[in-house]
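Here is the structure we will look at.
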Amino acid sequence: MREKGLGPEDSEMNGADSLLSGHEKAGGHRDRPCEVHFLHPLSMVGLVVAMVFLLPLTIGASTSATEPREGKVARTLLVDGRQVPVFPTPEEQLRYARSTFDETEEKAAALKAVELVFPEAREQTATAALELAYLALGEDYRLADRNQRLLAKNSYLAVLDRYPELPVVAAKALWYLGWLACDLEGDTRQGVAWYRRLIDLYPEERLSSAAPVPWLTIRPADPYNQYAAYPKAVLTWRHIAHLEIVRHAANREEAWQSFSAIRQAGAGEFLTGIALKVLVEAHGFDAQSEQLAREYLQRSDFDAGLKNDLLLALSAQRRQASPEGPR
């Protein structure tokens, strides 16, 4: 769930929980797919694993469209039949476009105005283009029809083509192409191919604590209760792309390769534990994963919620493996 004043564009952090699928409502209220939160006790809202990142392109924003903003609005621009205020700087224009609107059409007009008013502001126009691509899916992406999905896909491809000099933008576009293929179209083979392309092209692109990384958000659900296992590792898009591959891989060998890549890439013990949970949920246990799970359960410094999930998975495995079979 999103918190006003903590929009993803304001609060993305270096760290990771598993990637969650969310559902952002039209006008900036929907949680994005792959928006990442620390949920106590690590419950997952429709695991997308991711993204992200991602997520989460969460368009949302920390202010309402009706609230005062910095700068005077001297004029307006008519876009698709909507009057959009024109601000002095591209940053202010984008901030307005990413704020909360009651109607998708009004938000889309505000996003389009960013490029119309500031065509040379590549970073801001690229961010607006990413959010417009997501809006193509409608008010609830779970209800998007084939034409809406195709429009969103083509829009993300256009972002890749238009902004090759902005790695963070291209990485997010690739992320959403992977999510669209895997989670909306059921084409996991193509989706995994997009994730692998992200890994190959942007292996060192970090998830930053600063804008413009607007949709993949990692933060504790309860700011007053910091977990001992709160991740301190610097995460990259490569880490979370591998996490998606673990979930969507066609077989255990492919999933294990990505799980091993997460372990070896310095993502931190917390993300490795998340990846292990995803691995055993998607592909079951083998001797290696069972041993790792038991090692995690012996650690006093590991997140209690994740330990509980692994314990439940092990218990289910024991019931399946017992001579009497599942009860």
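Labels used: A, B, ... for chains in the order of the structure tokens, numbers from 1 for residues in each chain, and numbers from 1 for ligands as shown.
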(message) I'd like the contact shell of Thr76 (chain A) - 12 Å cut-off, only C-alpha atoms, skipping same-chain residues fewer than 4 positions apart - returned as a list of chain:residue names.
(response)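 Once the adjacent positions are removed, what remains is A:Lys72, A:Gly81, A:Arg82, A:Gln83, A:Val84, A:Pro85, A:Val86, A:Phe87, A:Pro88, A:Gln93, A:Ala109, A:Ala110, A:Ala113, A:Leu116, A:Val117.
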(request) For Leu135 (chain A), please output as a ChimeraX atom specification all residues within 9 Å (counting only C-alpha atoms; exclusion window: fewer than 3 positions along the same chain). (result) /A:26-27,104,107-108,130-132,138-139,141,152
Export of prior selection with N, CA, C and O atoms as a PDB file, in the first residue's frame:
ATOM      1  N   ALA A  26      -6.171   4.575 -11.533  1.00  0.00           N
ATOM      2  CA  ALA A  26      -5.981   5.650 -12.487  1.00  0.00           C
ATOM      3  C   ALA A  26      -5.784   6.953 -11.749  1.00  0.00           C
ATOM      4  O   ALA A  26      -6.332   7.174 -10.706  1.00  0.00           O
ATOM      5  N   GLY A  27      -5.006   7.842 -12.371  1.00  0.00           N
ATOM      6  CA  GLY A  27      -4.800   9.130 -11.764  1.00  0.00           C
ATOM      7  C   GLY A  27      -3.712   9.125 -10.726  1.00  0.00           C
ATOM      8  O   GLY A  27      -3.541  10.061  -9.980  1.00  0.00           O
ATOM      9  N   THR A 104      -7.718   9.384 -15.441  1.00  0.00           N
ATOM     10  CA  THR A 104      -6.571   8.953 -16.227  1.00  0.00           C
ATOM     11  C   THR A 104      -6.298   9.899 -17.385  1.00  0.00           C
ATOM     12  O   THR A 104      -5.145  10.207 -17.693  1.00  0.00           O
ATOM     13  N   LYS A 107      -4.443  12.960 -16.300  1.00  0.00           N
ATOM     14  CA  LYS A 107      -3.040  12.660 -16.022  1.00  0.00           C
ATOM     15  C   LYS A 107      -2.264  12.463 -17.322  1.00  0.00           C
ATOM     16  O   LYS A 107      -1.126  12.930 -17.453  1.00  0.00           O
ATOM     17  N   ALA A 108      -2.854  11.764 -18.278  1.00  0.00           N
ATOM     18  CA  ALA A 108      -2.183  11.545 -19.557  1.00  0.00           C
ATOM     19  C   ALA A 108      -1.881  12.873 -20.249  1.00  0.00           C
ATOM     20  O   ALA A 108      -0.792  13.063 -20.807  1.00  0.00           O
ATOM     21  N   LEU A 130       7.642   6.912 -19.959  1.00  0.00           N
ATOM     22  CA  LEU A 130       7.483   5.640 -19.255  1.00  0.00           C
ATOM     23  C   LEU A 130       6.118   5.557 -18.570  1.00  0.00           C
ATOM     24  O   LEU A 130       5.441   4.522 -18.608  1.00  0.00           O
ATOM     25  N   GLU A 131       5.717   6.642 -17.966  1.00  0.00           N
ATOM     26  CA  GLU A 131       4.450   6.624 -17.240  1.00  0.00           C
ATOM     27  C   GLU A 131       3.259   6.607 -18.194  1.00  0.00           C
ATOM     28  O   GLU A 131       2.234   5.981 -17.914  1.00  0.00           O
ATOM     29  N   LEU A 132       3.394   7.264 -19.326  1.00  0.00           N
ATOM     30  CA  LEU A 132       2.341   7.203 -20.342  1.00  0.00           C
ATOM     31  C   LEU A 132       2.178   5.776 -20.868  1.00  0.00           C
ATOM     32  O   LEU A 132       1.063   5.326 -21.141  1.00  0.00           O
ATOM     33  N   GLY A 138      -4.785   1.069 -18.911  1.00  0.00           N
ATOM     34  CA  GLY A 138      -6.089   1.392 -18.358  1.00  0.00           C
ATOM     35  C   GLY A 138      -6.060   1.533 -16.853  1.00  0.00           C
ATOM     36  O   GLY A 138      -5.004   1.534 -16.213  1.00  0.00           O
ATOM     37  N   GLU A 139      -7.235   1.634 -16.265  1.00  0.00           N
ATOM     38  CA  GLU A 139      -7.345   1.902 -14.831  1.00  0.00           C
ATOM     39  C   GLU A 139      -6.903   0.728 -13.974  1.00  0.00           C
ATOM     40  O   GLU A 139      -6.504   0.912 -12.831  1.00  0.00           O
ATOM     41  N   TYR A 141      -4.548  -2.731 -14.618  1.00  0.00           N
ATOM     42  CA  TYR A 141      -3.813  -3.507 -15.620  1.00  0.00           C
ATOM     43  C   TYR A 141      -4.293  -4.952 -15.705  1.00  0.00           C
ATOM     44  O   TYR A 141      -4.159  -5.595 -16.739  1.00  0.00           O
ATOM     45  N   ALA A 152       0.793  -0.624 -24.822  1.00  0.00           N
ATOM     46  CA  ALA A 152       1.801  -0.423 -23.774  1.00  0.00           C
ATOM     47  C   ALA A 152       3.145  -0.984 -24.217  1.00  0.00           C
ATOM     48  O   ALA A 152       4.189  -0.335 -24.056  1.00  0.00           O
TER      49      ALA A 152
END
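Nearest to Thr188 (chain A) of all the residues A:Val246, A:Trp237, A:Glu269, A:Arg162 is A:Val246, based on only C-alpha atoms.
Atom to atom, CA of Ala287 (chain A) and CA of Ala265 (chain A) stand 22.6 Å apart.
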(message) To test your reading of the structure, identify every residue in region 57-200 of chain A that backbone DSSP assigns to helix (DSSP H, G or I), and report it as a ChimeraX atom specification.
(response) /A:90-97,104-117,122-135,141-143,146-162,167-184,188-200
(message) Would you pick out the contacts of Ala158 (chain A) at 12 Å or less, using only C-alpha atoms, so that residues sharing its chain but fewer than 3 positions from it are not included, and give the list as a PyMOL selection string?
(response) chain A and resi 126+129-130+132-133+151-155+161-164+169-170+173-174+177
Those selected residues, please, written with N, CA, C and O atoms and delivered as a compact mmCIF listing (two decimals), in the first residue's frame.
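As a result, result.txt now contains:
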# COMPACT_ATOMS: atom_id res chain seq x y z
N ALA A 126 11.57 11.55 -20.90
CA ALA A 126 11.67 10.10 -20.87
C ALA A 126 10.87 9.51 -19.72
O ALA A 126 10.17 8.50 -19.87
N ALA A 129 7.31 9.63 -20.58
CA ALA A 129 6.99 8.62 -21.59
C ALA A 129 6.81 7.24 -20.95
O ALA A 129 5.93 6.47 -21.35
N LEU A 130 7.64 6.91 -19.96
CA LEU A 130 7.48 5.64 -19.25
C LEU A 130 6.12 5.56 -18.57
O LEU A 130 5.44 4.52 -18.61
N LEU A 132 3.39 7.26 -19.33
CA LEU A 132 2.34 7.20 -20.34
C LEU A 132 2.18 5.78 -20.87
O LEU A 132 1.06 5.33 -21.14
N ALA A 133 3.29 5.08 -21.02
CA ALA A 133 3.22 3.70 -21.49
C ALA A 133 2.40 2.85 -20.53
O ALA A 133 1.57 2.02 -20.95
N LEU A 151 -0.46 -1.75 -27.06
CA LEU A 151 -0.13 -0.33 -27.05
C LEU A 151 0.94 -0.04 -26.00
O LEU A 151 1.91 0.70 -26.26
N ALA A 152 0.79 -0.62 -24.82
CA ALA A 152 1.80 -0.42 -23.77
C ALA A 152 3.14 -0.98 -24.22
O ALA A 152 4.19 -0.34 -24.06
N LYS A 153 3.14 -2.17 -24.78
CA LYS A 153 4.39 -2.78 -25.24
C LYS A 153 5.08 -1.91 -26.28
O LYS A 153 6.29 -1.65 -26.19
N ASN A 154 4.33 -1.44 -27.27
CA ASN A 154 4.92 -0.60 -28.31
C ASN A 154 5.44 0.72 -27.73
O ASN A 154 6.44 1.26 -28.21
N SER A 155 4.77 1.21 -26.71
CA SER A 155 5.22 2.46 -26.08
C SER A 155 6.54 2.25 -25.35
O SER A 155 7.44 3.10 -25.41
N ASP A 161 13.93 3.01 -27.96
CA ASP A 161 14.47 3.54 -29.21
C ASP A 161 14.84 5.03 -29.08
O ASP A 161 15.83 5.47 -29.65
N ARG A 162 14.05 5.78 -28.33
CA ARG A 162 14.22 7.23 -28.28
C ARG A 162 15.24 7.70 -27.25
O ARG A 162 15.80 8.79 -27.39
N TYR A 163 15.48 6.90 -26.21
CA TYR A 163 16.32 7.38 -25.12
C TYR A 163 17.47 6.40 -24.81
O TYR A 163 17.65 5.99 -23.66
N PRO A 164 18.25 6.06 -25.81
CA PRO A 164 19.34 5.09 -25.56
C PRO A 164 20.43 5.64 -24.65
O PRO A 164 21.20 4.86 -24.06
N VAL A 169 16.41 4.76 -17.64
CA VAL A 169 15.13 4.74 -18.35
C VAL A 169 15.01 3.47 -19.18
O VAL A 169 13.99 2.78 -19.17
N ALA A 170 16.08 3.15 -19.91
CA ALA A 170 16.06 1.94 -20.73
C ALA A 170 15.90 0.69 -19.88
O ALA A 170 15.18 -0.25 -20.25
N ALA A 173 12.30 0.37 -18.94
CA ALA A 173 11.49 -0.04 -20.08
C ALA A 173 11.64 -1.54 -20.33
O ALA A 173 10.65 -2.24 -20.58
N LEU A 174 12.87 -2.04 -20.24
CA LEU A 174 13.09 -3.48 -20.40
C LEU A 174 12.40 -4.27 -19.29
O LEU A 174 11.84 -5.35 -19.52
N LEU A 177 8.75 -4.49 -20.13
CA LEU A 177 8.53 -5.43 -21.23
C LEU A 177 8.56 -6.87 -20.71
O LEU A 177 7.74 -7.70 -21.13
(request) Considering only C-alpha atoms, return as a PyMOL selection string whatever protein or nucleic-acid residues lie within 12 Å of Gln288 (chain A), sequence-local ones (same chain, fewer than 6 positions apart) excluded. (result) chain A and resi 252+256+259-260+276+279-280+294-295
(request) Record the distance separating CA of Gln317 (chain A) and CA of Ile262 (chain A), expressed in Å with one decimal. (result)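 Here the two named atoms are 24.1 Å from each other.
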